[in-house]
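*Asks:* Take a look at this one; I'll ask things after.
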Amino acid sequence: MARSKLGSKRQLPNGKWLARCSGGYRADGSRRTTAHVLETEHEADLWIIAKSVELNRRPDVEAGITVGDLWEAYRIVRLPQLARTTQDSYGQVMRGVVLPSLGDRDATTLSHADIQRMLDGQRRSMAQKARTTLSSVLTWAVRTGMICENVMRRADFTMPIDPAGTDFDVDPFAAIEGARDVWDAVTVIRCFGMIRGLPLEPVWLCCVGAGLRVEEAMALRPVDVRRVKVAGTPVTQLAIHAATTRVEERKATKTRRSMRIVTMLEPFGERYAELVSACAGRDAPVCELSASRQNKAWRSYFDEPPEYHKRMSEGRKVRGRLHGLPYVPLSRMRATHATLMQEAGVLDSLNAAMHGHSERVSRDHYLRALDVDAAMLTSGLLRDSME
């Protein structure tokens with residue numbers, strides 16, 4: 001790695017490296033300086049990068065910093081601030097895809113063609129993850145002053161098409177429509193009757209009826225739910241402020257804008273209120289199933305139904321209850337909710353706000369009122385599908 005302008009380093013008599021970095025000011029006006037002893041010169045370079053970010057400097061780094069160096073700085077400084085599932089995913093993608101292809105490339109001269117060649121060698125799903133992960137690292141590097149721009153922000157990339165077996169030669173229309181991975185209103189209403197009583201019913205109701213992320217729905221308690229009347233019409237509202245994942249029992253929502261109040265569509269809101277009223281206490285989870293088991297449990301609902309007998313366990317009885325419906329991951333029910341809202345004519349900006357996305361929209365006046373109106377409008381669409 002080229003000599004850094006972020007700090008200084010020198011080799012000690014014992015072969016180790018002393019790294020120094022200055023940046024920012026103390027309360028008394030003196031310059032903050034810190035030093036650290038590391039085993040190798042490369043580790044000293046990476047420490048200087050990470051420490052300069054910590055000290056809130058925005059240096060003009062000379063050419064020579066590689067994608068691998070940026071990732072190491074990101075891994076040390078930024079990655080620990082993310083959810084553990086995101087940490088695992090980013091680490092796997094960078095080690096398995098990005099670094100073998102681009103790790104030694106100068107990040108300041110990275111081109112669209114370089115990134116496209118990396119994506120071309122992957123399956124579509126992995127290429128999409130690689131694009132997202134690398135862009136996150138580059139965006140952070142720009143924000144901290146390590147590079148001047150994220151080249152991925154000003155270019156579109158072509159995602160590879162997976163090889164044969166996708167049914168495009170048999171029925172391309174069905175293949176493309178199936179790739180959307182969302183249910184229409186008729187399928188949603190069919191599921192509403194079939195899923196009744198299943199352990200994941202509360203989560204499904206929140207995802208398809210309120211656009212929640214699965215981890216947000218898993219974290220809901222009776223204290224987070226209220227049934228109120230708006231203009232004489234009963235509605236169920238959810239206070240979203242926490243999430244539960246397979247590796248973290250309870251944590252903050254994904255982003256600051258994810259903390260919100262959402263009005264559920266009907267008939268999902270009424271049914272969810274029934275489930276909440278049956279809970280043991282105000283702080284007990286509405287869904288009692290462990291977050292680590294939800295993926296396997298959801299998939300089992302679509303299996304071939306077993307042959308029932310008197311001694312069959314309750315766990316086996318739930319298998320195949322949704323057999324006959326097109327399988328989509330439970331996480332895609334959030335996208336199904338967004339699609340239903342669009343079909344009902346809800347504004348995209350309002351739709352994004354209800355889902356906790358980061359679009360800048362007014363929240364002080366019109367969103368709180370229109371949230372209920374949007375839910376009622378879409379509930380009408382679902383009622384028409386029931387007739």
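Following the order of the structure tokens, chains are lettered A, B, ..., residues in each are numbered from 1, and ligands are numbered from 1.
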Compile the contact shell of Arg131 in chain A as a VMD selection string: residues with an atom at most 10 Å away, counting only C-alpha atoms, same-chain residues fewer than 6 positions apart removed.

*Replies:* chain A and resid 93 98 115 to 116 118 to 119 152 157 159

*Asks:* Quick one: residues within 12 Å of Cys279 in chain A, only C-alpha atoms, excluding same-chain residues fewer than 2 positions away - as number ranges by chain?

*Replies:* A: 202, 220-223, 225, 272-277, 281-288

*Asks:* Hey, can you spit out that residue selection with N, CA and C atoms as a PDB file, in the first residue's frame?

*Replies:*
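Result file selection12.pdb:
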ATOM      1  N   PRO A 202     -49.672 -14.362  13.197  1.00  0.00           N
ATOM      2  CA  PRO A 202     -49.522 -12.953  13.585  1.00  0.00           C
ATOM      3  C   PRO A 202     -48.493 -12.204  12.740  1.00  0.00           C
ATOM      4  N   LEU A 220     -43.299  -7.447  18.016  1.00  0.00           N
ATOM      5  CA  LEU A 220     -44.494  -6.775  18.530  1.00  0.00           C
ATOM      6  C   LEU A 220     -45.045  -7.456  19.782  1.00  0.00           C
ATOM      7  N   ARG A 221     -45.501  -6.632  20.716  1.00  0.00           N
ATOM      8  CA  ARG A 221     -46.148  -7.071  21.944  1.00  0.00           C
ATOM      9  C   ARG A 221     -47.519  -6.404  22.036  1.00  0.00           C
ATOM     10  N   PRO A 222     -48.404  -6.899  22.907  1.00  0.00           N
ATOM     11  CA  PRO A 222     -49.721  -6.258  23.035  1.00  0.00           C
ATOM     12  C   PRO A 222     -49.647  -4.766  23.347  1.00  0.00           C
ATOM     13  N   VAL A 223     -48.618  -4.333  24.087  1.00  0.00           N
ATOM     14  CA  VAL A 223     -48.482  -2.918  24.419  1.00  0.00           C
ATOM     15  C   VAL A 223     -48.203  -2.074  23.179  1.00  0.00           C
ATOM     16  N   VAL A 225     -49.790  -2.417  20.341  1.00  0.00           N
ATOM     17  CA  VAL A 225     -50.959  -2.540  19.462  1.00  0.00           C
ATOM     18  C   VAL A 225     -52.150  -1.817  20.092  1.00  0.00           C
ATOM     19  N   TYR A 272     -55.860  -9.497  13.849  1.00  0.00           N
ATOM     20  CA  TYR A 272     -54.668  -9.321  14.690  1.00  0.00           C
ATOM     21  C   TYR A 272     -55.066  -8.855  16.087  1.00  0.00           C
ATOM     22  N   ALA A 273     -56.057  -7.995  16.175  1.00  0.00           N
ATOM     23  CA  ALA A 273     -56.539  -7.539  17.476  1.00  0.00           C
ATOM     24  C   ALA A 273     -57.086  -8.710  18.294  1.00  0.00           C
ATOM     25  N   GLU A 274     -57.724  -9.665  17.622  1.00  0.00           N
ATOM     26  CA  GLU A 274     -58.221 -10.863  18.317  1.00  0.00           C
ATOM     27  C   GLU A 274     -57.055 -11.656  18.909  1.00  0.00           C
ATOM     28  N   LEU A 275     -55.999 -11.833  18.125  1.00  0.00           N
ATOM     29  CA  LEU A 275     -54.840 -12.582  18.612  1.00  0.00           C
ATOM     30  C   LEU A 275     -54.169 -11.858  19.778  1.00  0.00           C
ATOM     31  N   VAL A 276     -54.094 -10.541  19.699  1.00  0.00           N
ATOM     32  CA  VAL A 276     -53.478  -9.759  20.771  1.00  0.00           C
ATOM     33  C   VAL A 276     -54.271  -9.894  22.065  1.00  0.00           C
ATOM     34  N   SER A 277     -55.604  -9.901  21.975  1.00  0.00           N
ATOM     35  CA  SER A 277     -56.448  -9.999  23.170  1.00  0.00           C
ATOM     36  C   SER A 277     -56.280 -11.328  23.890  1.00  0.00           C
ATOM     37  N   GLY A 281     -49.868 -11.452  28.488  1.00  0.00           N
ATOM     38  CA  GLY A 281     -49.601 -10.187  29.158  1.00  0.00           C
ATOM     39  C   GLY A 281     -49.216  -9.116  28.162  1.00  0.00           C
ATOM     40  N   ARG A 282     -49.141  -7.871  28.616  1.00  0.00           N
ATOM     41  CA  ARG A 282     -48.898  -6.751  27.713  1.00  0.00           C
ATOM     42  C   ARG A 282     -47.487  -6.758  27.128  1.00  0.00           C
ATOM     43  N   ASP A 283     -46.543  -7.446  27.778  1.00  0.00           N
ATOM     44  CA  ASP A 283     -45.170  -7.476  27.288  1.00  0.00           C
ATOM     45  C   ASP A 283     -44.777  -8.811  26.657  1.00  0.00           C
ATOM     46  N   ALA A 284     -45.728  -9.736  26.543  1.00  0.00           N
ATOM     47  CA  ALA A 284     -45.436 -11.023  25.914  1.00  0.00           C
ATOM     48  C   ALA A 284     -45.456 -10.870  24.399  1.00  0.00           C
ATOM     49  N   PRO A 285     -44.584 -11.575  23.660  1.00  0.00           N
ATOM     50  CA  PRO A 285     -44.613 -11.463  22.196  1.00  0.00           C
ATOM     51  C   PRO A 285     -45.915 -12.008  21.631  1.00  0.00           C
ATOM     52  N   VAL A 286     -46.476 -11.310  20.651  1.00  0.00           N
ATOM     53  CA  VAL A 286     -47.714 -11.786  20.033  1.00  0.00           C
ATOM     54  C   VAL A 286     -47.447 -13.081  19.276  1.00  0.00           C
ATOM     55  N   CYS A 287     -46.292 -13.174  18.608  1.00  0.00           N
ATOM     56  CA  CYS A 287     -45.879 -14.423  17.959  1.00  0.00           C
ATOM     57  C   CYS A 287     -44.909 -15.139  18.888  1.00  0.00           C
ATOM     58  N   GLU A 288     -45.274 -16.337  19.326  1.00  0.00           N
ATOM     59  CA  GLU A 288     -44.461 -17.068  20.287  1.00  0.00           C
ATOM     60  C   GLU A 288     -43.368 -17.903  19.624  1.00  0.00           C
TER      61      GLU A 288
END

*Asks:* Which of these residues is nearest to Glu216 in chain A, using only C-alpha atoms: A:Leu198, A:Ala243, A:Leu102, A:Val77?

*Replies:* A:Ala243

*Asks:* Find the residues around Glu201 in chain A up to 9 Å (only C-alpha atoms counted), leave out those fewer than 4 positions away in its own chain, and share them as a count of residues only.

*Replies:* 8
